[in-house]
Each structure stands twice: as C-alpha cells, then as structure tokens.
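One file, work-v5.pdb, is given below (PDB, C-alpha atoms).
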ATOM      1  CA  MET A 191     -57.033  39.364 -22.049  1.00  0.00           C
ATOM      2  CA  ASP A 192     -57.778  40.373 -18.477  1.00  0.00           C
ATOM      3  CA  PHE A 193     -54.912  42.151 -16.722  1.00  0.00           C
ATOM      4  CA  THR A 194     -55.167  43.202 -13.065  1.00  0.00           C
ATOM      5  CA  VAL A 195     -52.493  44.957 -11.016  1.00  0.00           C
ATOM      6  CA  ASN A 196     -52.882  44.992  -7.243  1.00  0.00           C
ATOM      7  CA  LYS A 197     -50.221  47.183  -5.635  1.00  0.00           C
ATOM      8  CA  GLU A 198     -51.434  46.300  -2.138  1.00  0.00           C
ATOM      9  CA  THR A 199     -50.602  42.599  -2.625  1.00  0.00           C
ATOM     10  CA  LYS A 200     -47.789  43.298  -5.154  1.00  0.00           C
ATOM     11  CA  THR A 201     -49.451  40.988  -7.695  1.00  0.00           C
ATOM     12  CA  VAL A 202     -50.381  40.958 -11.335  1.00  0.00           C
ATOM     13  CA  VAL A 203     -53.042  38.524 -12.536  1.00  0.00           C
ATOM     14  CA  ILE A 204     -53.420  37.821 -16.248  1.00  0.00           C
ATOM     15  CA  THR A 205     -56.057  35.635 -17.889  1.00  0.00           C
ATOM     16  CA  ALA A 206     -56.054  34.932 -21.603  1.00  0.00           C
ATOM     17  CA  GLN A 207     -57.881  32.471 -23.807  1.00  0.00           C
ATOM     18  CA  PHE A 208     -56.449  30.919 -26.962  1.00  0.00           C
ATOM     19  CA  ASP A 209     -58.253  29.108 -29.747  1.00  0.00           C
ATOM     20  CA  ALA A 210     -55.955  26.088 -29.545  1.00  0.00           C
ATOM     21  CA  PRO A 211     -55.698  22.825 -27.600  1.00  0.00           C
ATOM     22  CA  ARG A 212     -53.898  22.861 -24.261  1.00  0.00           C
ATOM     23  CA  ASP A 213     -51.061  20.599 -25.496  1.00  0.00           C
ATOM     24  CA  LEU A 214     -50.164  23.150 -28.174  1.00  0.00           C
ATOM     25  CA  VAL A 215     -50.338  26.122 -25.805  1.00  0.00           C
ATOM     26  CA  TRP A 216     -48.277  24.208 -23.214  1.00  0.00           C
ATOM     27  CA  ASP A 217     -45.612  23.499 -25.842  1.00  0.00           C
ATOM     28  CA  ALA A 218     -45.515  27.181 -26.814  1.00  0.00           C
ATOM     29  CA  TYR A 219     -44.686  28.047 -23.182  1.00  0.00           C
ATOM     30  CA  THR A 220     -42.247  25.211 -22.510  1.00  0.00           C
ATOM     31  CA  LYS A 221     -40.166  24.709 -25.676  1.00  0.00           C
ATOM     32  CA  PRO A 222     -37.499  27.353 -26.326  1.00  0.00           C
ATOM     33  CA  GLU A 223     -37.782  27.137 -30.110  1.00  0.00           C
ATOM     34  CA  LEU A 224     -41.459  28.105 -29.802  1.00  0.00           C
ATOM     35  CA  LEU A 225     -41.061  30.568 -26.901  1.00  0.00           C
ATOM     36  CA  ASP A 226     -38.569  32.618 -28.881  1.00  0.00           C
ATOM     37  CA  GLN A 227     -41.129  33.060 -31.668  1.00  0.00           C
ATOM     38  CA  TRP A 228     -43.624  34.920 -29.479  1.00  0.00           C
ATOM     39  CA  TRP A 229     -42.252  35.927 -26.069  1.00  0.00           C
ATOM     40  CA  ALA A 230     -41.134  39.464 -27.045  1.00  0.00           C
ATOM     41  CA  PRO A 231     -43.305  42.356 -28.235  1.00  0.00           C
ATOM     42  CA  ARG A 232     -42.348  43.309 -31.782  1.00  0.00           C
ATOM     43  CA  PRO A 233     -40.008  44.743 -32.914  1.00  0.00           C
ATOM     44  CA  TRP A 234     -38.114  43.198 -30.001  1.00  0.00           C
ATOM     45  CA  ALA A 235     -37.082  39.538 -30.187  1.00  0.00           C
ATOM     46  CA  SER A 236     -36.636  36.830 -27.567  1.00  0.00           C
ATOM     47  CA  ARG A 237     -33.408  34.829 -27.632  1.00  0.00           C
ATOM     48  CA  THR A 238     -33.010  31.875 -25.276  1.00  0.00           C
ATOM     49  CA  LYS A 239     -29.379  31.187 -24.395  1.00  0.00           C
ATOM     50  CA  HIS A 240     -30.299  27.971 -22.577  1.00  0.00           C
ATOM     51  CA  MET A 241     -33.378  26.342 -21.115  1.00  0.00           C
ATOM     52  CA  GLU A 242     -34.002  23.220 -19.059  1.00  0.00           C
ATOM     53  CA  PHE A 243     -37.735  22.832 -18.521  1.00  0.00           C
ATOM     54  CA  ARG A 244     -37.723  20.668 -15.401  1.00  0.00           C
ATOM     55  CA  GLU A 245     -38.119  21.296 -11.687  1.00  0.00           C
ATOM     56  CA  GLY A 246     -34.881  22.948 -10.612  1.00  0.00           C
ATOM     57  CA  GLY A 247     -34.086  23.843 -14.236  1.00  0.00           C
ATOM     58  CA  ARG A 248     -33.853  27.309 -15.650  1.00  0.00           C
ATOM     59  CA  ARG A 249     -34.274  29.503 -18.699  1.00  0.00           C
ATOM     60  CA  PHE A 250     -31.790  32.277 -19.377  1.00  0.00           C
ATOM     61  CA  TYR A 251     -32.831  34.586 -22.175  1.00  0.00           C
ATOM     62  CA  ALA A 252     -32.564  38.082 -23.566  1.00  0.00           C
ATOM     63  CA  MET A 253     -35.118  40.464 -24.941  1.00  0.00           C
ATOM     64  CA  VAL A 254     -33.265  42.014 -27.878  1.00  0.00           C
ATOM     65  CA  SER A 255     -34.127  45.423 -29.320  1.00  0.00           C
ATOM     66  CA  PRO A 256     -33.937  46.134 -33.065  1.00  0.00           C
ATOM     67  CA  GLU A 257     -30.655  47.948 -32.323  1.00  0.00           C
ATOM     68  CA  GLY A 258     -29.238  44.859 -30.603  1.00  0.00           C
ATOM     69  CA  VAL A 259     -29.636  46.029 -26.990  1.00  0.00           C
ATOM     70  CA  GLU A 260     -30.056  42.982 -24.739  1.00  0.00           C
ATOM     71  CA  ARG A 261     -32.172  42.899 -21.565  1.00  0.00           C
ATOM     72  CA  TRP A 262     -31.483  39.620 -19.793  1.00  0.00           C
ATOM     73  CA  ALA A 263     -33.768  37.609 -17.520  1.00  0.00           C
ATOM     74  CA  LEU A 264     -33.392  34.404 -15.547  1.00  0.00           C
ATOM     75  CA  GLN A 265     -36.253  32.031 -14.771  1.00  0.00           C
ATOM     76  CA  LYS A 266     -35.917  29.117 -12.347  1.00  0.00           C
ATOM     77  CA  TYR A 267     -38.610  26.425 -12.529  1.00  0.00           C
ATOM     78  CA  THR A 268     -39.799  25.525  -9.039  1.00  0.00           C
ATOM     79  CA  SER A 269     -42.758  23.227  -9.774  1.00  0.00           C
ATOM     80  CA  ILE A 270     -44.148  21.474 -12.849  1.00  0.00           C
ATOM     81  CA  THR A 271     -47.389  19.528 -13.202  1.00  0.00           C
ATOM     82  CA  PRO A 272     -47.341  18.532 -16.887  1.00  0.00           C
ATOM     83  CA  LYS A 273     -49.902  20.196 -19.130  1.00  0.00           C
ATOM     84  CA  THR A 274     -51.710  21.981 -16.275  1.00  0.00           C
ATOM     85  CA  ASN A 275     -49.348  24.120 -14.172  1.00  0.00           C
ATOM     86  CA  PHE A 276     -45.831  25.327 -13.692  1.00  0.00           C
ATOM     87  CA  LYS A 277     -44.250  27.807 -11.323  1.00  0.00           C
ATOM     88  CA  LEU A 278     -41.086  29.781 -11.694  1.00  0.00           C
ATOM     89  CA  PHE A 279     -39.012  32.465 -10.052  1.00  0.00           C
ATOM     90  CA  ASN A 280     -38.219  35.291 -12.477  1.00  0.00           C
ATOM     91  CA  THR A 281     -35.603  37.994 -12.124  1.00  0.00           C
ATOM     92  CA  PHE A 282     -33.787  40.472 -14.303  1.00  0.00           C
ATOM     93  CA  ALA A 283     -30.123  39.554 -14.771  1.00  0.00           C
ATOM     94  CA  ASP A 284     -26.936  40.660 -16.450  1.00  0.00           C
ATOM     95  CA  GLU A 285     -25.374  38.868 -19.425  1.00  0.00           C
ATOM     96  CA  ASN A 286     -23.458  36.573 -17.026  1.00  0.00           C
ATOM     97  CA  GLU A 287     -26.629  35.288 -15.289  1.00  0.00           C
ATOM     98  CA  ASN A 288     -26.096  37.371 -12.176  1.00  0.00           C
ATOM     99  CA  PRO A 289     -29.611  38.057 -10.873  1.00  0.00           C
ATOM    100  CA  GLU A 290     -30.894  41.522 -10.023  1.00  0.00           C
ATOM    101  CA  LEU A 291     -32.969  40.908  -6.939  1.00  0.00           C
ATOM    102  CA  PRO A 292     -35.723  41.184  -5.924  1.00  0.00           C
ATOM    103  CA  GLY A 293     -37.641  39.006  -8.346  1.00  0.00           C
ATOM    104  CA  SER A 294     -41.124  37.645  -8.821  1.00  0.00           C
ATOM    105  CA  ASP A 295     -42.896  34.310  -8.433  1.00  0.00           C
ATOM    106  CA  TRP A 296     -45.009  33.206 -11.393  1.00  0.00           C
ATOM    107  CA  ASP A 297     -47.796  30.619 -11.200  1.00  0.00           C
ATOM    108  CA  LEU A 298     -49.142  29.564 -14.623  1.00  0.00           C
ATOM    109  CA  ASN A 299     -52.273  27.426 -14.948  1.00  0.00           C
ATOM    110  CA  PHE A 300     -53.569  25.892 -18.178  1.00  0.00           C
ATOM    111  CA  SER A 301     -57.098  24.575 -18.708  1.00  0.00           C
ATOM    112  CA  GLU A 302     -58.972  23.503 -21.824  1.00  0.00           C
ATOM    113  CA  GLN A 303     -62.646  23.522 -22.678  1.00  0.00           C
ATOM    114  CA  ASP A 304     -64.185  22.948 -26.118  1.00  0.00           C
ATOM    115  CA  GLY A 305     -60.794  23.165 -27.838  1.00  0.00           C
ATOM    116  CA  LYS A 306     -59.928  26.535 -26.289  1.00  0.00           C
ATOM    117  CA  THR A 307     -57.197  26.937 -23.707  1.00  0.00           C
ATOM    118  CA  THR A 308     -57.292  29.424 -20.860  1.00  0.00           C
ATOM    119  CA  VAL A 309     -54.015  30.498 -19.301  1.00  0.00           C
ATOM    120  CA  ASN A 310     -54.147  32.102 -15.853  1.00  0.00           C
ATOM    121  CA  VAL A 311     -50.937  33.729 -14.696  1.00  0.00           C
ATOM    122  CA  SER A 312     -50.407  35.071 -11.187  1.00  0.00           C
ATOM    123  CA  ILE A 313     -47.227  37.064 -10.603  1.00  0.00           C
ATOM    124  CA  TYR A 314     -46.209  37.936  -7.055  1.00  0.00           C
ATOM    125  CA  ASN A 315     -43.444  40.537  -6.769  1.00  0.00           C
ATOM    126  CA  GLU A 316     -41.101  40.536  -3.812  1.00  0.00           C
ATOM    127  CA  SER A 317     -41.277  44.315  -3.642  1.00  0.00           C
ATOM    128  CA  LEU A 318     -43.628  47.085  -4.682  1.00  0.00           C
ATOM    129  CA  GLU A 319     -40.681  48.792  -6.365  1.00  0.00           C
ATOM    130  CA  ARG A 320     -40.175  45.783  -8.656  1.00  0.00           C
ATOM    131  CA  LEU A 321     -43.868  45.699  -9.541  1.00  0.00           C
ATOM    132  CA  GLU A 322     -43.802  49.401 -10.354  1.00  0.00           C
ATOM    133  CA  ARG A 323     -40.634  48.927 -12.448  1.00  0.00           C
ATOM    134  CA  MET A 324     -42.347  46.159 -14.458  1.00  0.00           C
ATOM    135  CA  ILE A 325     -45.362  48.363 -15.134  1.00  0.00           C
ATOM    136  CA  ALA A 326     -43.194  51.393 -15.995  1.00  0.00           C
ATOM    137  CA  MET A 327     -41.242  49.263 -18.500  1.00  0.00           C
ATOM    138  CA  GLY A 328     -44.481  48.622 -20.386  1.00  0.00           C
ATOM    139  CA  PHE A 329     -45.336  45.185 -18.998  1.00  0.00           C
ATOM    140  CA  THR A 330     -49.068  45.591 -19.637  1.00  0.00           C
ATOM    141  CA  GLU A 331     -48.646  46.632 -23.261  1.00  0.00           C
ATOM    142  CA  GLY A 332     -45.837  44.140 -23.816  1.00  0.00           C
ATOM    143  CA  THR A 333     -47.939  41.277 -22.478  1.00  0.00           C
ATOM    144  CA  ALA A 334     -50.837  42.193 -24.756  1.00  0.00           C
ATOM    145  CA  ALA A 335     -48.468  42.312 -27.749  1.00  0.00           C
ATOM    146  CA  THR A 336     -46.814  38.987 -26.916  1.00  0.00           C
ATOM    147  CA  PHE A 337     -50.201  37.301 -26.544  1.00  0.00           C
ATOM    148  CA  GLU A 338     -51.071  38.534 -30.044  1.00  0.00           C
ATOM    149  CA  ASN A 339     -47.788  36.944 -31.216  1.00  0.00           C
ATOM    150  CA  LEU A 340     -48.782  33.724 -29.440  1.00  0.00           C
ATOM    151  CA  LYS A 341     -52.215  33.727 -31.103  1.00  0.00           C
ATOM    152  CA  GLU A 342     -50.543  34.065 -34.515  1.00  0.00           C
ATOM    153  CA  LEU A 343     -48.088  31.262 -33.751  1.00  0.00           C
ATOM    154  CA  LEU A 344     -50.800  28.929 -32.469  1.00  0.00           C
ATOM    155  CA  SER A 345     -52.849  29.587 -35.580  1.00  0.00           C
ATOM    156  CA  LYS A 346     -49.864  28.660 -37.779  1.00  0.00           C
ATOM    157  CA  LEU A 347     -49.064  25.560 -35.736  1.00  0.00           C
ATOM    158  CA  ALA A 348     -52.654  24.359 -35.815  1.00  0.00           C
ATOM    159  CA  SER A 349     -53.182  24.818 -39.565  1.00  0.00           C
ATOM    160  CA  PRO A 350     -52.999  21.610 -41.650  1.00  0.00           C
ATOM    161  CA  ASN A 351     -50.527  23.144 -44.146  1.00  0.00           C
ATOM    162  CA  GLU A 352     -48.069  23.954 -41.365  1.00  0.00           C
ATOM    163  CA  ILE A 353     -48.372  20.471 -39.867  1.00  0.00           C
ATOM    164  CA  GLU A 354     -47.734  18.845 -43.254  1.00  0.00           C
ATOM    165  CA  ALA A 355     -44.682  21.039 -43.790  1.00  0.00           C
ATOM    166  CA  LYS A 356     -43.036  19.786 -40.589  1.00  0.00           C
TER     167      LYS A 356
END
Encoded form using structure tokens:
Amino acid sequence: MDFTVNKETKTVVITAQFDAPRDLVWDAYTKPELLDQWWAPRPWASRTKHMEFREGGRRFYAMVSPEGVERWALQKYTSITPKTNFKLFNTFADENENPELPGSDWDLNFSEQDGKTTVNVSIYNESLERLERMIAMGFTEGTAATFENLKELLSKLASPNEIEAK
C-alpha cells in the first residue's frame, strides 16, 4: 500500500493492489454486507445503518469499538461509473445523521490487470484541520489494517469452497 499525505493540498492519496478481479473488489466497496466485514480496523467493527449505492444516495455507518462506543460517519455518493470509479463526500456525524463539517471528497478508481485489481483513492479535505484530525485519529494505520481485512475477505470470497457454500 502506498499512502501519501500532502498538507499543502490537504490531500491523502492511497494506492493498493489486491489479488482479486475488479468485480469482486468493486462489490466489497459497494455492498454493505461486504463493507461491514472489512471497513474497520480490528478490534473495531463497521456497522452500516443504511446504504443506497447510487448517485445521490448515501451510506450512514458507525465504527464500533469493542466497548460499544460508536463513531458515526455519513457518505454521500456524488458520481458512479460502474466497476471503474465512484466519488463521495464523507463527513463525521452524530447518531442522528447530523454532519460535522467540514468533510472530505473521495475519488476511488478501480483498474484490473492480470487478475489483480488496483484501487487508487484520492481524498481531498476541506480544511487542513480535518486532515490533521484524520491523521491524529490513526487514519494511516487504520487504512493499512482495513486493507489487510479486505485482502482476507477477498481471499475467502474467491476460494472455490466459499463459492460453493453460498
């Protein structure tokens, strides 16, 4: 995983490659039942309250600590090009979906070559303070941990025994 923080432009750029076809990786990012299996760094868990993956739709979810503490976030999908790209606006929120502004704009690109999928994520923060808050909350380490979760999930989903069991 490549992870670059640029405070001058208030951006984070992440590139990761997965040993799985693009369709499977896309599904892991766009289906709540799969997202909740990998989106949080252990021992935290991701719990989607609701999700409509469509332009103008949204995902409202909590990162839940082992003690049950909930940290809510709201994502609004602004653009979707199936299987190759989607964009969203992300912001922290309270349990009633009230956003804590400012937020960040995410641009996720998916490409496949030789059965491996590369995901490029560009995150633009509306303020330097928000970027610094993300980093201070362990965003770099959390992203690395969630990508390990995603690798494990993709491996399970791609194995013949798992496919037969479904």
Skip Met241 of chain A itself and residues of its chain fewer than 5 positions away, then list as a short mmCIF file (atom, residue, chain, number, x, y, z; two decimals) with C-alpha atoms, in the coordinates of the input all residues within 10 Å of it, counting all atoms listed in the file.
data_model
loop_
_atom_site.label_atom_id
_atom_site.label_comp_id
_atom_site.auth_asym_id
_atom_site.auth_seq_id
_atom_site.Cartn_x
_atom_site.Cartn_y
_atom_site.Cartn_z
CA THR A 220 -42.25 25.21 -22.51
CA LYS A 221 -40.17 24.71 -25.68
CA PRO A 222 -37.50 27.35 -26.33
CA GLY A 247 -34.09 23.84 -14.24
CA ARG A 248 -33.85 27.31 -15.65
CA ARG A 249 -34.27 29.50 -18.70
CA PHE A 250 -31.79 32.28 -19.38
CA TYR A 251 -32.83 34.59 -22.18
CA LEU A 264 -33.39 34.40 -15.55
CA GLN A 265 -36.25 32.03 -14.77
CA LYS A 266 -35.92 29.12 -12.35
#
### Query
Quick one: distance from atom CA of Thr307 of chain A to atom CA of Leu347 of chain A in Å, one decimal?
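Atom CA of Leu347 of chain A lies 14.6 Å from atom CA of Thr307 of chain A.
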### Task
Could you tell me how far atom CA of Asn275 of chain A lies from atom CA of Asn288 of chain A, in Å and to one decimal?
26.8 Å
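Considering the residues A:Phe193, A:Trp234, A:Phe279, A:Trp228 and counting all atoms listed in the file, Glu338 of chain A has its shortest atom-to-atom contact with A:Trp228.
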#### Entry: Nearby residues (only C-alpha atoms) at most 9 Å from Thr199 of chain A, same-chain spacing under 5 positions excluded, as an MDAnalysis selection string
chainID A and resid 314:315 318
### Query
In Å to one decimal, how far is atom CA of Gly305 of chain A from atom CA of Pro211 of chain A?
5.1 Å
### Query
Looking at only C-alpha atoms, which of A:Glu302, A:Ala335, A:Thr330, A:Ile325 is the one that sits closest to Val215 of chain A?
A:Glu302
